[in-house]
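Pasted below: run29.txt, compact mmCIF, C-alpha atoms.
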# COMPACT_ATOMS: atom_id res chain seq x y z
CA MET A 1 0.00 0.00 0.00
CA ASP A 2 1.12 3.54 -0.66
CA ASN A 3 2.84 4.82 2.42
CA ILE A 4 2.08 8.52 1.93
CA MET A 5 -1.65 7.87 1.60
CA ASP A 6 -1.54 5.83 4.78
CA ARG A 7 -1.39 8.86 7.04
CA ILE A 8 -3.96 11.22 8.45
CA PRO A 9 -2.49 14.74 8.65
CA ILE A 10 -2.04 16.18 12.14
CA LEU A 11 -1.96 19.97 12.20
CA LYS A 12 -0.40 21.97 14.99
CA MET A 13 -2.36 25.03 16.09
CA GLY A 14 -0.65 26.79 18.95
CA GLN A 15 -0.71 24.48 21.90
CA PHE A 16 -3.31 22.22 20.29
CA LEU A 17 -3.23 19.50 17.65
CA LEU A 18 -5.95 19.31 15.02
CA VAL A 19 -6.82 15.98 13.40
CA THR A 20 -9.41 15.93 10.66
CA ILE A 21 -10.50 12.50 9.56
CA GLN A 22 -11.72 12.90 5.97
CA VAL A 23 -11.54 9.32 4.77
CA ASP A 24 -13.12 6.11 5.93
CA MET A 25 -11.03 4.68 8.68
CA TYR A 26 -9.54 1.24 8.44
CA ASP A 27 -7.58 -0.52 11.11
CA ARG A 28 -4.08 0.16 9.90
CA LEU A 29 -4.83 3.86 9.39
CA ALA A 30 -6.14 4.04 12.95
CA MET A 31 -3.02 2.42 14.32
CA ALA A 32 -0.82 4.83 12.36
CA LEU A 33 -2.85 7.76 13.72
CA GLN A 34 -2.38 6.60 17.31
CA ASP A 35 1.33 6.34 16.69
CA ASP A 36 1.67 9.76 15.05
CA LEU A 37 -0.54 11.54 17.52
CA THR A 38 1.25 10.38 20.64
CA THR A 39 4.60 11.24 19.02
CA LYS A 40 3.39 14.74 18.08
CA ILE A 41 1.90 15.43 21.53
CA VAL A 42 5.24 14.71 23.12
CA GLU A 43 7.17 16.55 20.39
CA HIS A 44 5.15 19.78 20.63
CA ASN A 45 4.20 19.47 24.28
CA SER A 46 0.55 19.96 23.22
CA LYS A 47 -2.16 20.65 25.75
CA GLY A 48 -5.11 19.58 23.68
CA VAL A 49 -6.14 17.36 20.76
CA LEU A 50 -9.16 18.08 18.61
CA ILE A 51 -10.38 15.20 16.46
CA ASP A 52 -12.92 16.16 13.81
CA ILE A 53 -14.89 13.14 12.63
CA SER A 54 -17.70 14.96 10.83
CA SER A 55 -16.87 13.18 7.55
CA LEU A 56 -16.80 9.77 9.17
CA GLU A 57 -19.90 7.92 8.05
CA MET A 58 -19.17 4.54 9.53
CA VAL A 59 -17.53 3.19 12.65
CA ASP A 60 -16.89 -0.32 13.82
CA SER A 61 -15.98 -1.43 17.30
CA PHE A 62 -12.28 -1.17 16.54
CA ILE A 63 -12.40 2.45 15.42
CA GLY A 64 -14.70 3.28 18.31
CA ARG A 65 -12.28 1.80 20.78
CA MET A 66 -9.42 3.53 19.03
CA LEU A 67 -11.04 6.91 19.70
CA GLY A 68 -11.36 6.00 23.36
CA SER A 69 -7.79 4.81 23.65
CA VAL A 70 -6.43 7.88 21.84
CA ALA A 71 -8.14 9.96 24.52
CA SER A 72 -6.65 7.88 27.31
CA MET A 73 -3.19 8.09 25.77
CA SER A 74 -3.45 11.85 25.38
CA ARG A 75 -4.62 12.24 28.94
CA MET A 76 -1.60 10.24 30.08
CA LEU A 77 0.54 12.73 28.18
CA ASP A 78 -1.35 15.65 29.76
CA ALA A 79 -3.39 16.64 26.74
CA VAL A 80 -7.21 16.90 26.61
CA THR A 81 -9.05 15.22 23.73
CA VAL A 82 -12.17 16.72 22.21
CA VAL A 83 -14.04 14.71 19.58
CA VAL A 84 -16.21 16.95 17.39
CA GLY A 85 -18.86 16.59 14.70
CA MET A 86 -19.99 13.04 15.25
CA GLN A 87 -22.82 12.11 12.87
CA PRO A 88 -26.11 10.92 14.41
CA ALA A 89 -25.83 7.47 12.79
CA VAL A 90 -22.29 7.10 14.10
CA ALA A 91 -23.37 8.16 17.59
CA ILE A 92 -26.18 5.60 17.61
CA THR A 93 -23.82 2.88 16.44
CA MET A 94 -21.29 3.75 19.11
CA VAL A 95 -23.94 3.60 21.84
CA GLU A 96 -25.26 0.30 20.51
CA LEU A 97 -21.71 -1.05 20.57
CA GLY A 98 -21.47 -0.01 24.21
CA LEU A 99 -18.80 2.60 23.54
CA SER A 100 -19.85 5.80 25.28
CA LEU A 101 -16.32 7.33 25.30
CA SER A 102 -16.77 8.32 28.92
CA GLY A 103 -13.42 10.07 29.27
CA VAL A 104 -13.70 12.08 26.08
CA ARG A 105 -15.03 15.60 25.72
CA THR A 106 -17.33 16.16 22.75
CA ALA A 107 -18.58 19.16 20.80
CA LEU A 108 -20.87 19.76 17.87
CA ASN A 109 -18.32 21.35 15.54
CA VAL A 110 -14.70 22.46 15.33
CA GLU A 111 -15.52 25.98 16.48
CA GLN A 112 -17.22 24.82 19.67
CA GLY A 113 -14.57 22.18 20.18
CA MET A 114 -11.88 24.86 20.05
CA SER A 115 -13.66 26.97 22.64
CA VAL A 116 -14.00 23.90 24.86
CA LEU A 117 -10.25 23.33 24.57
CA ASN A 118 -9.46 26.97 25.23
CA GLY A 119 -11.74 26.95 28.26
CA LEU A 120 -10.18 23.81 29.67
CA VAL A 121 -6.62 24.98 29.20
CA ALA A 122 -7.36 28.43 30.64
CA HIS A 123 -9.00 26.75 33.60
CA GLU A 124 -5.99 24.55 34.09
CA VAL A 125 -3.66 27.54 34.17
CA GLU A 126 -5.90 29.31 36.65
CA GLY A 127 -5.91 26.19 38.76
CA ALA A 128 -2.11 26.12 38.70
CA ASP A 129 -1.94 29.72 39.89
CA TYR A 130 -4.34 28.97 42.67
CA ASP A 131 -2.23 26.00 43.72
CA SER A 132 0.98 28.00 43.83
CA GLU A 133 -0.68 30.73 45.87
CA GLU A 134 -1.71 28.18 48.43
CA MET B 1 -67.99 -38.30 -5.07
CA ASP B 2 -71.62 -39.30 -4.71
CA THR B 3 -71.88 -37.28 -1.57
CA ASN B 4 -70.44 -34.27 -3.33
CA ASN B 5 -72.82 -34.65 -6.23
CA ASN B 6 -75.75 -35.01 -3.89
CA LEU B 7 -74.85 -31.82 -2.11
CA THR B 8 -74.19 -29.91 -5.31
CA GLU B 9 -77.56 -30.99 -6.63
CA LEU B 10 -79.22 -30.03 -3.38
CA PHE B 11 -77.77 -26.53 -3.45
CA LYS B 12 -78.94 -26.08 -7.01
CA LYS B 13 -82.38 -27.55 -6.57
CA TYR B 14 -83.34 -25.72 -3.41
CA GLU B 15 -81.61 -22.45 -4.08
CA GLN B 16 -84.62 -20.28 -3.28
CA GLU B 17 -85.58 -22.12 -0.08
CA LEU B 18 -82.02 -22.19 1.22
CA LEU B 19 -81.43 -18.53 0.48
CA THR B 20 -84.64 -17.42 2.14
CA ASP B 21 -84.05 -19.53 5.24
CA TRP B 22 -80.40 -18.53 5.45
CA ILE B 23 -81.21 -14.83 5.29
CA LYS B 24 -83.94 -15.31 7.87
CA GLU B 25 -81.48 -17.06 10.20
CA GLN B 26 -78.95 -14.31 9.77
CA LEU B 27 -81.40 -11.55 10.43
CA ALA B 28 -82.48 -13.34 13.59
CA VAL B 29 -78.93 -13.54 14.94
CA ILE B 30 -77.12 -10.47 13.62
CA PRO B 31 -78.30 -7.34 15.32
CA LEU B 32 -78.97 -4.87 12.56
CA HIS B 33 -76.85 -2.04 13.80
CA GLU B 34 -78.48 1.29 13.19
CA ASN B 35 -77.52 2.54 9.76
CA LEU B 36 -74.59 0.15 9.63
CA LEU B 37 -75.98 -2.93 7.97
CA THR B 38 -79.39 -2.94 6.35
CA GLU B 39 -81.55 -5.90 5.56
CA PHE B 40 -80.99 -5.18 1.92
CA GLU B 41 -77.24 -5.45 2.33
CA VAL B 42 -77.53 -8.75 4.15
CA LYS B 43 -79.66 -10.08 1.29
CA GLN B 44 -77.24 -8.73 -1.29
CA ASP B 45 -74.18 -10.23 0.42
CA THR B 46 -75.88 -13.54 0.94
CA THR B 47 -77.09 -13.85 -2.64
CA ASP B 48 -73.71 -12.87 -4.07
CA PHE B 49 -71.95 -15.35 -1.87
CA TYR B 50 -74.46 -18.09 -2.64
CA ASN B 51 -73.90 -17.66 -6.37
CA ALA B 52 -70.14 -17.76 -6.04
CA PHE B 53 -70.45 -20.69 -3.68
CA GLN B 54 -72.50 -22.66 -6.16
CA LEU B 55 -69.96 -22.04 -8.89
CA ALA B 56 -67.23 -23.28 -6.58
CA ILE B 57 -68.93 -26.50 -5.55
CA GLN B 58 -69.80 -27.29 -9.11
CA GLY B 59 -66.08 -27.75 -9.58
CA GLY B 60 -66.61 -30.85 -7.48
CA GLU B 61 -64.19 -29.94 -4.73
CA LEU B 62 -65.86 -29.78 -1.34
CA VAL B 63 -62.96 -30.67 0.93
CA ASP B 64 -60.03 -28.56 -0.16
CA ILE B 65 -61.11 -24.92 -0.21
CA LYS B 66 -57.58 -23.77 -0.99
CA GLY B 67 -58.04 -24.82 -4.64
CA ALA B 68 -58.47 -22.55 -7.64
CA HIS B 69 -62.25 -23.18 -7.77
CA TRP B 70 -62.67 -21.51 -4.45
CA GLU B 71 -60.54 -18.48 -5.06
CA LYS B 72 -63.38 -16.18 -6.06
CA THR B 73 -65.69 -17.37 -3.32
CA LEU B 74 -63.06 -16.86 -0.65
CA GLN B 75 -62.29 -13.42 -1.95
CA LEU B 76 -65.94 -12.50 -1.73
CA LEU B 77 -66.12 -13.91 1.79
CA ASP B 78 -63.00 -11.94 2.64
CA ASN B 79 -64.59 -8.70 1.47
CA ILE B 80 -67.83 -9.34 3.35
CA THR B 81 -65.91 -10.12 6.53
CA LYS B 82 -63.68 -7.10 6.13
CA SER B 83 -66.53 -4.66 5.70
CA ARG B 84 -68.39 -6.13 8.69
CA THR B 85 -65.26 -6.08 10.85
CA ARG B 86 -64.71 -2.43 10.06
CA LEU B 87 -68.32 -1.76 11.04
CA GLY B 88 -67.45 -3.02 14.50
CA PHE B 89 -69.06 -6.45 14.45
CA THR B 90 -67.93 -8.98 17.02
CA PRO B 91 -66.18 -12.17 15.82
CA THR B 92 -69.32 -14.15 16.62
CA GLU B 93 -71.51 -11.84 14.60
CA THR B 94 -69.08 -12.01 11.70
CA ALA B 95 -68.79 -15.77 11.71
CA THR B 96 -72.55 -16.11 11.98
CA PHE B 97 -72.74 -15.25 8.30
CA ILE B 98 -71.47 -18.71 7.44
CA PHE B 99 -72.69 -20.71 10.42
CA SER B 100 -76.29 -19.64 10.08
CA LEU B 101 -76.44 -21.61 6.84
CA LYS B 102 -76.05 -24.81 8.85
CA GLN B 103 -79.52 -25.14 10.22
CA PRO B 104 -81.46 -24.62 6.97
CA LEU B 105 -79.03 -26.86 5.14
CA PHE B 106 -79.17 -29.68 7.67
CA THR B 107 -82.95 -29.58 7.79
CA LEU B 108 -83.00 -29.80 4.05
CA ILE B 109 -80.52 -32.70 3.96
CA GLN B 110 -82.58 -34.55 6.52
CA LYS B 111 -85.71 -34.00 4.49
CA GLU B 112 -84.15 -34.91 1.16
CA PHE B 113 -82.02 -37.92 2.03
CA GLY B 114 -83.80 -39.00 5.21
CA ARG B 115 -85.21 -42.15 3.57
CA ASP B 116 -81.78 -43.71 3.26
CA VAL B 117 -80.20 -44.72 6.54
CA ASN B 118 -76.58 -44.10 5.47
CA THR B 119 -76.79 -41.08 3.25
CA PRO B 120 -77.79 -38.27 5.63
CA GLY B 121 -74.80 -39.01 7.86
CA LYS B 122 -72.36 -38.67 4.99
CA GLU B 123 -74.02 -35.58 3.58
CA LEU B 124 -74.20 -33.97 6.97
CA TRP B 125 -70.54 -34.66 7.61
CA ALA B 126 -69.44 -33.25 4.25
CA ALA B 127 -71.57 -30.14 4.76
CA THR B 128 -70.32 -29.64 8.32
CA VAL B 129 -66.67 -29.91 7.28
CA LEU B 130 -67.16 -27.48 4.45
CA LEU B 131 -69.06 -24.89 6.45
CA ASP B 132 -66.65 -25.16 9.38
CA LYS B 133 -63.75 -24.48 7.06
CA LEU B 134 -65.48 -21.44 5.64
CA GLY B 135 -66.35 -20.29 9.16
CA LEU B 136 -62.75 -20.58 10.27
CA TYR B 137 -61.71 -18.68 7.19
CA THR B 138 -64.03 -15.90 8.29
CA ALA B 139 -62.44 -15.88 11.72
CA GLU B 140 -58.96 -15.67 10.20
CA SER B 141 -60.04 -12.89 7.92
CA TYR B 142 -61.58 -11.07 10.88
CA ILE B 143 -58.32 -11.21 12.83
CA LYS B 144 -56.29 -10.20 9.79
CA THR B 145 -58.47 -7.12 9.32
CA LYS B 146 -58.15 -6.21 12.99
CA GLU B 147 -54.37 -6.63 12.82
CA GLU B 148 -54.24 -4.36 9.81
CA ILE B 149 -56.11 -1.70 11.77
CA ILE B 150 -53.72 -2.09 14.72
CA ARG B 151 -50.68 -1.83 12.47
CA ARG B 152 -52.01 1.29 10.79
CA GLN B 153 -52.73 2.92 14.13
CA GLN B 154 -49.26 2.03 15.39
CA ASN B 155 -47.72 3.75 12.41
CA GLU B 156 -49.90 6.78 12.93
CA MET B 157 -48.83 6.97 16.57
CA LEU B 158 -45.19 6.67 15.58
CA GLU B 159 -45.54 9.66 13.31
CA LEU B 160 -47.37 11.66 15.94
CA SER B 161 -45.03 10.99 18.73
CA THR B 162 -41.77 12.75 18.06
CA PRO B 163 -41.98 16.50 17.94
CA VAL B 164 -38.65 18.17 18.62
CA VAL B 165 -39.25 21.71 19.81
CA LYS B 166 -36.78 24.53 19.69
CA VAL B 167 -37.03 26.33 23.02
CA TRP B 168 -34.27 28.86 22.63
CA ASP B 169 -31.18 29.43 20.61
CA LYS B 170 -29.18 26.18 20.93
CA ILE B 171 -31.74 24.61 23.24
CA LEU B 172 -34.06 21.83 22.08
CA ALA B 173 -36.89 20.14 23.97
CA LEU B 174 -38.44 16.77 23.27
CA PRO B 175 -41.70 16.19 25.14
CA LEU B 176 -42.31 12.46 25.19
CA ILE B 177 -45.87 11.21 25.47
CA GLY B 178 -46.93 7.60 25.81
CA THR B 179 -45.12 4.37 26.41
CA LEU B 180 -41.62 4.07 25.03
CA ASP B 181 -40.77 0.85 23.23
CA SER B 182 -37.68 0.00 21.24
CA ILE B 183 -39.05 1.14 17.88
CA ARG B 184 -40.31 4.45 19.24
CA THR B 185 -37.08 5.10 21.06
CA GLN B 186 -35.16 4.47 17.87
CA VAL B 187 -37.29 7.02 16.02
CA VAL B 188 -37.07 9.49 18.89
CA MET B 189 -33.31 9.10 19.09
CA GLU B 190 -32.79 9.58 15.38
CA THR B 191 -35.05 12.62 15.17
CA LEU B 192 -33.44 14.25 18.18
CA LEU B 193 -29.88 13.68 16.95
CA GLN B 194 -30.72 14.98 13.50
CA GLU B 195 -32.30 18.08 14.98
CA ILE B 196 -29.25 18.63 17.17
CA VAL B 197 -27.06 18.63 14.08
CA ARG B 198 -29.44 20.81 12.09
CA THR B 199 -29.91 23.48 14.75
CA GLU B 200 -26.41 23.16 16.23
CA SER B 201 -27.97 22.91 19.66
CA SER B 202 -25.80 22.24 22.65
CA VAL B 203 -28.52 21.34 25.12
CA ALA B 204 -31.42 18.94 24.60
CA ILE B 205 -34.17 18.49 27.18
CA ILE B 206 -36.05 15.20 27.18
CA ASP B 207 -39.29 15.69 29.09
CA ILE B 208 -40.91 12.47 30.29
CA THR B 209 -43.94 13.98 32.02
CA GLY B 210 -46.18 12.17 29.53
CA VAL B 211 -44.54 8.78 29.92
CA PRO B 212 -46.83 6.75 32.18
CA THR B 213 -44.32 4.19 33.43
CA VAL B 214 -40.56 4.01 33.31
CA ASP B 215 -39.15 0.51 33.67
CA THR B 216 -35.58 -0.64 33.29
CA LEU B 217 -35.99 -1.02 29.54
CA VAL B 218 -37.31 2.51 29.06
CA ALA B 219 -34.55 3.82 31.33
CA GLN B 220 -31.98 2.01 29.23
CA HIS B 221 -33.46 3.51 26.06
CA LEU B 222 -33.28 6.98 27.60
CA MET B 223 -29.68 6.50 28.67
CA LYS B 224 -28.74 5.36 25.17
CA THR B 225 -30.27 8.51 23.71
CA VAL B 226 -28.44 10.67 26.23
CA SER B 227 -25.12 8.92 25.53
CA ALA B 228 -25.56 9.31 21.79
CA ALA B 229 -26.32 13.02 22.14
CA ARG B 230 -23.31 13.43 24.41
CA LEU B 231 -21.10 11.73 21.83
CA MET B 232 -22.18 14.35 19.34
CA GLY B 233 -21.33 17.12 21.75
CA ALA B 234 -24.72 18.05 23.15
CA GLU B 235 -25.76 17.82 26.77
CA CYS B 236 -29.02 16.06 27.57
CA ILE B 237 -31.27 16.87 30.50
CA ILE B 238 -34.08 14.54 31.52
CA SER B 239 -36.97 16.42 33.07
CA GLY B 240 -40.53 15.79 34.16
CA ILE B 241 -39.69 13.00 36.56
CA ARG B 242 -42.72 12.48 38.75
CA PRO B 243 -42.26 11.49 42.42
CA GLN B 244 -43.62 7.99 41.84
CA ILE B 245 -41.31 7.49 38.90
CA ALA B 246 -38.29 8.67 40.90
CA GLN B 247 -39.19 6.17 43.59
CA SER B 248 -39.79 3.25 41.30
CA MET B 249 -36.61 3.94 39.33
CA VAL B 250 -34.43 3.95 42.41
CA HIS B 251 -36.09 0.74 43.54
CA LEU B 252 -35.24 -0.74 40.16
CA GLY B 253 -31.63 0.30 40.64
CA VAL B 254 -31.66 2.99 37.95
CA THR B 255 -30.30 6.21 39.38
CA PHE B 256 -29.34 8.15 36.23
CA SER B 257 -26.29 9.21 38.25
CA ASP B 258 -24.26 10.55 35.33
CA ILE B 259 -27.18 12.33 33.66
CA THR B 260 -28.53 15.74 34.56
CA THR B 261 -32.10 15.32 35.77
CA ARG B 262 -34.67 17.89 36.80
CA ALA B 263 -38.14 17.62 38.26
CA THR B 264 -39.89 19.96 35.85
CA LEU B 265 -39.39 21.30 32.38
CA ALA B 266 -39.03 24.81 33.82
CA ASP B 267 -36.09 23.71 35.99
CA ALA B 268 -34.52 22.03 33.00
CA ILE B 269 -34.87 25.16 30.90
CA ARG B 270 -33.31 27.20 33.70
CA HIS B 271 -30.38 24.80 33.79
CA ALA B 272 -30.08 24.96 30.00
CA PHE B 273 -30.02 28.78 30.16
CA ALA B 274 -27.22 28.62 32.70
CA GLN B 275 -25.29 26.20 30.47
CA THR B 276 -25.60 28.37 27.38
CA GLY B 277 -25.04 31.62 29.23
CA VAL B 278 -28.54 33.04 28.79
CA LYS B 279 -29.84 35.31 31.51
CA VAL B 280 -33.54 35.91 31.95
CA SER B 281 -34.85 38.69 34.14
CA ARG B 282 -38.31 39.92 34.91
CA ALA B 283 -39.08 43.20 33.19
CA SER B 284 -39.74 45.90 35.76
CA ARG B 285 -43.40 46.72 35.64
CA GLN B 286 -44.32 50.30 34.89
CA VAL B 287 -46.43 51.85 37.59

What is this structure when it is put down as structure tokens?
Amino acid sequence: MDNIMDRIPILKMGQFLLVTIQVDMYDRLAMALQDDLTTKIVEHNSKGVLIDISSLEMVDSFIGRMLGSVASMSRMLDAVTVVVGMQPAVAITMVELGLSLSGVRTALNVEQGMSVLNGLVAHEVEGADYDSEE
Amino acid sequence: MDTNNNLTELFKKYEQELLTDWIKEQLAVIPLHENLLTEFEVKQDTTDFYNAFQLAIQGGELVDIKGAHWEKTLQLLDNITKSRTRLGFTPTETATFIFSLKQPLFTLIQKEFGRDVNTPGKELWAATVLLDKLGLYTAESYIKTKEEIIRRQQNEMLELSTPVVKVWDKILALPLIGTLDSIRTQVVMETLLQEIVRTESSVAIIDITGVPTVDTLVAQHLMKTVSAARLMGAECIISGIRPQIAQSMVHLGVTFSDITTRATLADAIRHAFAQTGVKVSRASRQV
């Protein structure tokens, strides 16, 4: 398989990473994404990851779990994950599969997802100040 | 074969007598509902059926009514049953159409073949089997018609039951009325999620004031809907939980612990306003 096509681009936006999934996911692509994303988070010391899945029309249990584990991995590396733009059919499928992505933040679109990330990071900084004052 | 011939001949020979007696029997048993079924209609139905019936038995087949000879007769019977079912007749009243032919027919058989010791038994048996089969067919047709009505009403209810209301900018409400089953929940869930996408709403209120009982299954359906909405990035509030329902749900072990719940729709709307940063204040009244 073509190696260049086998990657989902990860864009850096300030202290966040932006992943837009525009193609149908298959298992190997998902694995590659996990790999790349964790590497980039460490590389750029990112505070947040925004995954846009508005073009994703289908999910299976593997991809669903992948989204959950990406979130867990990011959290371990101190980055918040926000999944945005999930289609109704995809959401129903995920629930039926028993994957409710309990640790993942969600938003309707990229714009709202960005404000969620901004809010969370700002909050974190405030929290840090508060801690140091104590 | 002889028996069949005998019966066929009998039906042909005594057509007038049989028809008259049959109609008389029917009129005695079927209550003529006001304006629903007139005596004329009974006569019309009976005569039509009798003619078709005669054509069918002339084919010589009196046992197997599934054959091609009977097709037309059964169709006619089907139509008669259907129209009477829709008029609100009871199963007994509907089946009486066929069964009331028994007495006139048996009397006639007795009279006609009574001289021979063996014959009436055979004739009677053949006639009983045939009429019973037709009677059962009426019953089946009755139930089929009723089922059709039920199915149509179910569909109508399904269409009626899922209005998604826009309460405010980015706030949707879904007042649920009636019992929730799997099919309805599926429709409700799909409509709600589509509306969330269309209106870009961030809060959806599911109001269950109109849901008479909430059991574990309904609770599970609700939680699925809430989870799906959350996955898409919208918060769901369940409101309209009546005291009895709160009690019974906790007894069932359903606590909705990770879902925002409110007692009334007003409380839910207040919460939604807080979530979306809307402030409502009472206008100062001019004195």

Discussion item. Please compute the atom CA of Thr46 of chain B-atom CA of Glu147 of chain B distance, one decimal, in Å.
Written reply: 25.5 Å

Proximity check chain A to chain B, 6 Å, nearest pairs one decimal Å, all atoms listed in the file, as CSV:
residue,atom,partner,partner_atom,distance
A:Met86,CA,B:Met232,CA,4.8
A:Pro88,CA,B:Leu193,CA,5.3
A:Ala91,CA,B:Ala228,CA,4.9
A:Ile92,CA,B:Ala228,CA,5.6
A:Val95,CA,B:Ala228,CA,5.9
A:Thr106,CA,B:Gly233,CA,4.2
A:Ala107,CA,B:Gly233,CA,3.6
A:Leu108,CA,B:Gly233,CA,4.7

Worksheet entry | Straight-line distance linking atom CA of Val23 of chain A with atom CA of Ser55 of chain A, stated in Å to one decimal | 7.1 Å

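Between atom CA of Thr264 of chain B and atom CA of Glu96 of chain A the separation is 28.9 Å.
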
Worksheet item: Counting only C-alpha atoms, which of A:Val104, A:Leu18, A:Met25, A:Ile63 gets nearest to Val83 of chain A?
Response: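 Of the candidates, the smallest distance to Val83 of chain A is held by A:Val104.
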
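Take the candidates A:Leu117, A:Ala30, A:Ile10, A:Ile41 and check each one against Ser74 of chain A using only C-alpha atoms; the shortest distance goes to A:Ile41.
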
Worksheet item: Which polymer residues, protein or nucleic acid, are no farther than 12 Å from (-9.9, 3.0, 19.6), counting all atoms listed in the file, as an MDAnalysis selection string?
Response: chainID A and resid 25:34 59:73 94 99:101 104
